[in-house]
Amino acid sequence: MKLIIQIPCFNEAGTLAIALSALPREVPGFDKVEWLIIDDGCTDNTVEVAKANGVDHVVRHTRNQGLARGFMNGLQACLEQGADVIVNTDADNQYNADDIPLLTQPILERRADIVVGARPIQTIEHFSPIKKLLQKLGSWVVRVASKTDIPDAPSGFRAISRAAARRLVVFSDYTYTLETIIQAGQKNMAITSVPIRVNGDLRPSRLVKSIPSYIQRSIVTIIRVFVIYRPFRFFGTIGVTLFGIGFLIGLRFLYKWLTSEFGYDGHIQSLILASSLMIIGFHTILVAFVADLLSANRKLLEEVRALTLESRDQPR
């Protein structure tokens, strides 16, 4: 059994050595433990620091492609290097590496395909109240969309089995954390969570450049999650709401017209508004059906991709 610990990196020379010094070379249940970093277009000496501290594999991007792309390319490289289990962690040493055995144990016991480390969010001092609130909101959205029970969905400290890694596909360029959990739920993978510890803050978060930016990106990510993975519910809810409001306004106008002694020729704007809302709502409902068909097609393509990767593992 081989475990590969991967770390996406973008100009992490200042903290990478600290993070690597904490990583284990022996983990119960594994014959071999290797380290891999993803050089996501680094312009400093991140790669030199990694090699000086014993990293076994380096995946290079000629330019910065974002955390999500780095995560996916890291998974692909780990699969090519024969990893049976992949652990993803951060270069800023946010997560306590001593908890890696806790992450891998459910996979070794065949109780889970993906294990997410749940941070003690409420006790992390450098998390602002707004960030803590958004963490809760993001986790709630993921639970609704994926039908899983992961308390800390944005956590990047997670273990992934080889079979699960073959089936994951991330569309976002911003972050992979939410999408991977939702995919796991939709694809009936066994996913669980274990409590983990965190270390002190070594540098400001790269994902949270400012609170307004973080809020904006979080909202966009949450909306995209629903559009991609629950398209019928997303567009259907909007369409039914608009159609229903227009229908009620139309009923009000019809009631006034029928009960008026001399005919009702006022408030023609209400009739126009009712017609517009009902037309828009009807077309949005049609979009919901089309989006649902596209979602089904995407799932089939993902299954084809997973089967192709699995066939490469078969002995010839």
# chains A, B, ... in the order shown; residues from 1 in each chain; ligands from 1

$ select_by_dssp --residues "region 10-216 of chain A" --states "helix (DSSP H, G or I)" --output "ChimeraX atom specification"
/A:16-22,46-52,67-80,97-108,121-123,129-146,162-167,177-186,211-216

$ residues_around --residues "Ile228 (chain A)" --least-positions-apart "4" --cutoff "9 Å" --atoms "only C-alpha atoms" --output "PyMOL selection string"
chain A and resi 223-224+291+295

$ residues_around --residues "Pro8 (chain A)" --least-positions-apart "3" --cutoff "8 Å" --atoms "only C-alpha atoms" --output "list in words"
Ile37, Ile38, Asp39, Asp40, Leu67, Gly70, Phe71, Gly74, Thr89, Asp90 and Ala91 of chain A

$ write_last_selection --atoms "N, CA, C and O atoms" --output "PDB file, in the first residue's frame"
ATOM      1  N   ILE A  37       4.483  17.756  -4.472  1.00  0.00           N
ATOM      2  CA  ILE A  37       3.994  19.134  -4.493  1.00  0.00           C
ATOM      3  C   ILE A  37       3.560  19.506  -5.904  1.00  0.00           C
ATOM      4  O   ILE A  37       4.052  18.951  -6.887  1.00  0.00           O
ATOM      5  N   ILE A  38       2.596  20.422  -5.985  1.00  0.00           N
ATOM      6  CA  ILE A  38       2.164  20.951  -7.270  1.00  0.00           C
ATOM      7  C   ILE A  38       2.684  22.375  -7.366  1.00  0.00           C
ATOM      8  O   ILE A  38       2.240  23.264  -6.617  1.00  0.00           O
ATOM      9  N   ASP A  39       3.645  22.604  -8.259  1.00  0.00           N
ATOM     10  CA  ASP A  39       4.190  23.942  -8.489  1.00  0.00           C
ATOM     11  C   ASP A  39       3.233  24.668  -9.421  1.00  0.00           C
ATOM     12  O   ASP A  39       3.286  24.519 -10.637  1.00  0.00           O
ATOM     13  N   ASP A  40       2.351  25.475  -8.840  1.00  0.00           N
ATOM     14  CA  ASP A  40       1.318  26.153  -9.630  1.00  0.00           C
ATOM     15  C   ASP A  40       1.824  27.494 -10.159  1.00  0.00           C
ATOM     16  O   ASP A  40       1.302  28.556  -9.838  1.00  0.00           O
ATOM     17  N   LEU A  67      -6.047  26.966  -7.496  1.00  0.00           N
ATOM     18  CA  LEU A  67      -5.995  25.877  -6.521  1.00  0.00           C
ATOM     19  C   LEU A  67      -6.715  24.627  -7.008  1.00  0.00           C
ATOM     20  O   LEU A  67      -6.218  23.504  -6.844  1.00  0.00           O
ATOM     21  N   GLY A  70      -4.736  22.839  -9.679  1.00  0.00           N
ATOM     22  CA  GLY A  70      -3.568  22.223  -9.058  1.00  0.00           C
ATOM     23  C   GLY A  70      -3.934  20.958  -8.304  1.00  0.00           C
ATOM     24  O   GLY A  70      -3.224  19.951  -8.361  1.00  0.00           O
ATOM     25  N   PHE A  71      -5.047  21.003  -7.583  1.00  0.00           N
ATOM     26  CA  PHE A  71      -5.516  19.830  -6.841  1.00  0.00           C
ATOM     27  C   PHE A  71      -5.776  18.666  -7.783  1.00  0.00           C
ATOM     28  O   PHE A  71      -5.341  17.532  -7.535  1.00  0.00           O
ATOM     29  N   GLY A  74      -2.660  17.278  -9.302  1.00  0.00           N
ATOM     30  CA  GLY A  74      -1.952  16.515  -8.273  1.00  0.00           C
ATOM     31  C   GLY A  74      -2.530  15.122  -8.111  1.00  0.00           C
ATOM     32  O   GLY A  74      -1.785  14.130  -8.014  1.00  0.00           O
ATOM     33  N   THR A  89      -3.043  18.296   1.703  1.00  0.00           N
ATOM     34  CA  THR A  89      -2.884  19.251   2.792  1.00  0.00           C
ATOM     35  C   THR A  89      -2.373  20.559   2.231  1.00  0.00           C
ATOM     36  O   THR A  89      -2.128  20.682   1.020  1.00  0.00           O
ATOM     37  N   ASP A  90      -2.210  21.581   3.084  1.00  0.00           N
ATOM     38  CA  ASP A  90      -1.817  22.910   2.635  1.00  0.00           C
ATOM     39  C   ASP A  90      -0.363  23.199   2.947  1.00  0.00           C
ATOM     40  O   ASP A  90       0.207  22.667   3.901  1.00  0.00           O
ATOM     41  N   ALA A  91       0.216  24.104   2.151  1.00  0.00           N
ATOM     42  CA  ALA A  91       1.628  24.454   2.315  1.00  0.00           C
ATOM     43  C   ALA A  91       1.862  25.431   3.454  1.00  0.00           C
ATOM     44  O   ALA A  91       3.010  25.664   3.837  1.00  0.00           O
TER      45      ALA A  91
END

$ closest_residue --among "A:Arg110, A:Lys32, A:Arg143, A:Lys136" --to "Val225 (chain A)" --atoms "only C-alpha atoms"
A:Arg143

$ closest_residue --among "A:Leu248, A:Ala145, A:Ile124, A:Leu108" --to "Val27 (chain A)" --atoms "only C-alpha atoms"
A:Leu108

$ residues_around --residues "region 297-301 of chain A" --least-positions-apart "2" --cutoff "10 Å" --atoms "only C-alpha atoms" --output "PyMOL selection string"
chain A and resi 183+186-187+228-229+291-295+303-307

$ write_last_selection --atoms "C-alpha atoms" --output "PDB file, in the first residue's frame"
ATOM      1  CA  GLN A 183     -19.709  14.718  -6.421  1.00  0.00           C
ATOM      2  CA  GLN A 186     -24.070  12.203  -6.046  1.00  0.00           C
ATOM      3  CA  LYS A 187     -21.889   9.267  -7.075  1.00  0.00           C
ATOM      4  CA  ILE A 228     -24.124  22.445 -11.817  1.00  0.00           C
ATOM      5  CA  TYR A 229     -25.302  19.744  -9.426  1.00  0.00           C
ATOM      6  CA  ALA A 291     -30.192  21.824 -17.735  1.00  0.00           C
ATOM      7  CA  ASP A 292     -31.189  18.530 -16.142  1.00  0.00           C
ATOM      8  CA  LEU A 293     -30.520  16.705 -19.421  1.00  0.00           C
ATOM      9  CA  LEU A 294     -27.107  18.383 -19.685  1.00  0.00           C
ATOM     10  CA  SER A 295     -26.360  17.347 -16.103  1.00  0.00           C
ATOM     11  CA  GLU A 303     -18.338   7.726 -15.694  1.00  0.00           C
ATOM     12  CA  VAL A 304     -16.644   7.117 -19.051  1.00  0.00           C
ATOM     13  CA  ARG A 305     -13.580   8.995 -17.819  1.00  0.00           C
ATOM     14  CA  ALA A 306     -13.484   6.964 -14.592  1.00  0.00           C
ATOM     15  CA  LEU A 307     -13.774   3.684 -16.494  1.00  0.00           C
TER      16      LEU A 307
END

$ atom_distance --atom1 "CA of Arg312 (chain A)" --atom2 "CA of Asn188 (chain A)"
22.7 Å

$ residues_around --residues "region 99-103 of chain A" --least-positions-apart "3" --cutoff "8 Å" --atoms "only C-alpha atoms" --output "short mmCIF file (atom, residue, chain, number, x, y, z; two decimals) with all heavy atoms, in the first residue's frame"
data_model
loop_
_atom_site.label_atom_id
_atom_site.label_comp_id
_atom_site.auth_asym_id
_atom_site.auth_seq_id
_atom_site.Cartn_x
_atom_site.Cartn_y
_atom_site.Cartn_z
N VAL A 27 3.28 5.84 8.06
CA VAL A 27 1.89 5.92 8.50
C VAL A 27 1.36 4.50 8.64
O VAL A 27 1.56 3.68 7.73
CB VAL A 27 1.02 6.71 7.49
CG1 VAL A 27 -0.45 6.69 7.90
CG2 VAL A 27 1.52 8.15 7.38
N PRO A 28 0.73 4.16 9.75
CA PRO A 28 0.22 2.79 9.95
C PRO A 28 -0.68 2.35 8.79
O PRO A 28 -1.56 3.09 8.35
CB PRO A 28 -0.58 2.90 11.26
CG PRO A 28 0.05 4.04 11.99
CD PRO A 28 0.48 5.01 10.94
N VAL A 87 -3.46 11.90 0.37
CA VAL A 87 -3.81 12.89 1.39
C VAL A 87 -3.46 14.26 0.85
O VAL A 87 -2.34 14.49 0.37
CB VAL A 87 -3.07 12.63 2.72
CG1 VAL A 87 -3.17 13.85 3.64
CG2 VAL A 87 -3.64 11.42 3.42
N ASN A 96 -2.71 19.99 11.24
CA ASN A 96 -1.76 19.23 12.04
C ASN A 96 -1.48 17.90 11.35
O ASN A 96 -2.35 17.03 11.28
CB ASN A 96 -2.32 19.01 13.44
CG ASN A 96 -1.26 18.50 14.41
OD1 ASN A 96 -0.46 17.65 14.06
ND2 ASN A 96 -1.28 19.02 15.63
N PRO A 106 -10.21 5.35 8.14
CA PRO A 106 -11.49 4.88 7.58
C PRO A 106 -11.35 4.28 6.18
O PRO A 106 -12.11 3.38 5.82
CB PRO A 106 -12.34 6.16 7.56
CG PRO A 106 -11.75 7.02 8.63
CD PRO A 106 -10.28 6.76 8.57
N ILE A 107 -10.40 4.78 5.39
CA ILE A 107 -10.19 4.22 4.06
C ILE A 107 -9.54 2.85 4.15
O ILE A 107 -9.94 1.90 3.45
CB ILE A 107 -9.34 5.17 3.20
CG1 ILE A 107 -10.09 6.48 2.97
CG2 ILE A 107 -8.96 4.51 1.87
CD1 ILE A 107 -9.31 7.50 2.16
N VAL A 115 -12.32 11.02 3.16
CA VAL A 115 -12.39 11.44 4.55
C VAL A 115 -11.97 12.90 4.64
O VAL A 115 -10.89 13.26 4.17
CB VAL A 115 -11.49 10.58 5.47
CG1 VAL A 115 -11.66 10.99 6.93
CG2 VAL A 115 -11.80 9.09 5.29
N VAL A 116 -12.83 13.72 5.22
CA VAL A 116 -12.56 15.16 5.33
C VAL A 116 -12.26 15.50 6.78
O VAL A 116 -13.01 15.12 7.69
CB VAL A 116 -13.78 15.98 4.83
CG1 VAL A 116 -13.49 17.48 4.96
CG2 VAL A 116 -14.11 15.62 3.39
N GLY A 117 -11.18 16.23 6.99
CA GLY A 117 -10.84 16.66 8.34
C GLY A 117 -11.69 17.84 8.77
O GLY A 117 -11.74 18.86 8.08
N ARG A 158 -7.78 16.32 3.62
CA ARG A 158 -8.64 15.17 3.35
C ARG A 158 -7.85 14.03 2.74
O ARG A 158 -6.78 14.22 2.16
CB ARG A 158 -9.77 15.57 2.40
CG ARG A 158 -9.32 16.29 1.15
CD ARG A 158 -10.51 16.81 0.33
NE ARG A 158 -11.26 17.82 1.06
CZ ARG A 158 -12.44 18.30 0.66
NH1 ARG A 158 -12.97 17.86 -0.46
NH2 ARG A 158 -13.07 19.23 1.35
N ALA A 159 -8.38 12.83 2.92
CA ALA A 159 -7.79 11.61 2.35
C ALA A 159 -8.75 11.05 1.30
O ALA A 159 -9.97 11.06 1.50
CB ALA A 159 -7.52 10.58 3.43
N VAL A 194 -13.68 13.31 10.12
CA VAL A 194 -13.05 13.07 11.43
C VAL A 194 -12.55 14.40 11.98
O VAL A 194 -12.09 15.26 11.21
CB VAL A 194 -11.88 12.06 11.33
CG1 VAL A 194 -12.37 10.69 10.88
CG2 VAL A 194 -10.80 12.57 10.40
N ILE A 196 -10.07 17.05 13.40
CA ILE A 196 -8.61 17.21 13.31
C ILE A 196 -8.21 18.50 14.02
O ILE A 196 -9.03 19.35 14.32
CB ILE A 196 -8.13 17.20 11.85
CG1 ILE A 196 -8.90 18.23 10.99
CG2 ILE A 196 -8.29 15.82 11.25
CD1 ILE A 196 -8.22 19.53 10.80
N ARG A 197 -6.91 18.63 14.26
CA ARG A 197 -6.38 19.82 14.91
C ARG A 197 -5.75 20.76 13.87
O ARG A 197 -5.42 20.33 12.77
CB ARG A 197 -5.33 19.41 15.94
CG ARG A 197 -5.89 18.60 17.10
CD ARG A 197 -4.78 17.91 17.88
NE ARG A 197 -4.15 16.85 17.08
CZ ARG A 197 -3.11 16.13 17.49
NH1 ARG A 197 -2.57 16.36 18.68
NH2 ARG A 197 -2.61 15.17 16.72
#

$ closest_residue --among "A:Phe253, A:Glu80, A:Ala112, A:Ile182" --to "Val170 (chain A)" --atoms "only C-alpha atoms"
A:Ile182

$ select_by_dssp --residues "region 163-276 of chain A" --states "strand (DSSP E)" --output "ChimeraX atom specification"
/A:191-195

$ closest_residue --among "A:Ser161, A:Asn64, A:Gln269, A:Ser146" --to "Asp84 (chain A)" --atoms "only C-alpha atoms"
A:Ser161

$ residues_around --residues "Phe247 (chain A)" --least-positions-apart "6" --cutoff "9 Å" --atoms "only C-alpha atoms" --output "ChimeraX atom specification"
/A:274-275,277-278

$ closest_atom_pairs --of "region 64-157 of chain A" --to "region 53-59 of chain A" --cutoff "10 Å" --atoms "only C-alpha atoms" --output "tab-separated table"
residue	atom	partner	partner_atom	distance
A:Gly70	CA	A:Val59	CA	8.7
A:Asn73	CA	A:Val59	CA	7.7
A:Gly74	CA	A:Val59	CA	6.9
A:Gln76	CA	A:Val59	CA	9.9
A:Ala77	CA	A:Val59	CA	7.3
A:Cys78	CA	A:His57	CA	8.9
A:Gln81	CA	A:His57	CA	8.9

$ atom_distance --atom1 "CA of Trp140 (chain A)" --atom2 "CA of Glu109 (chain A)"
27.7 Å
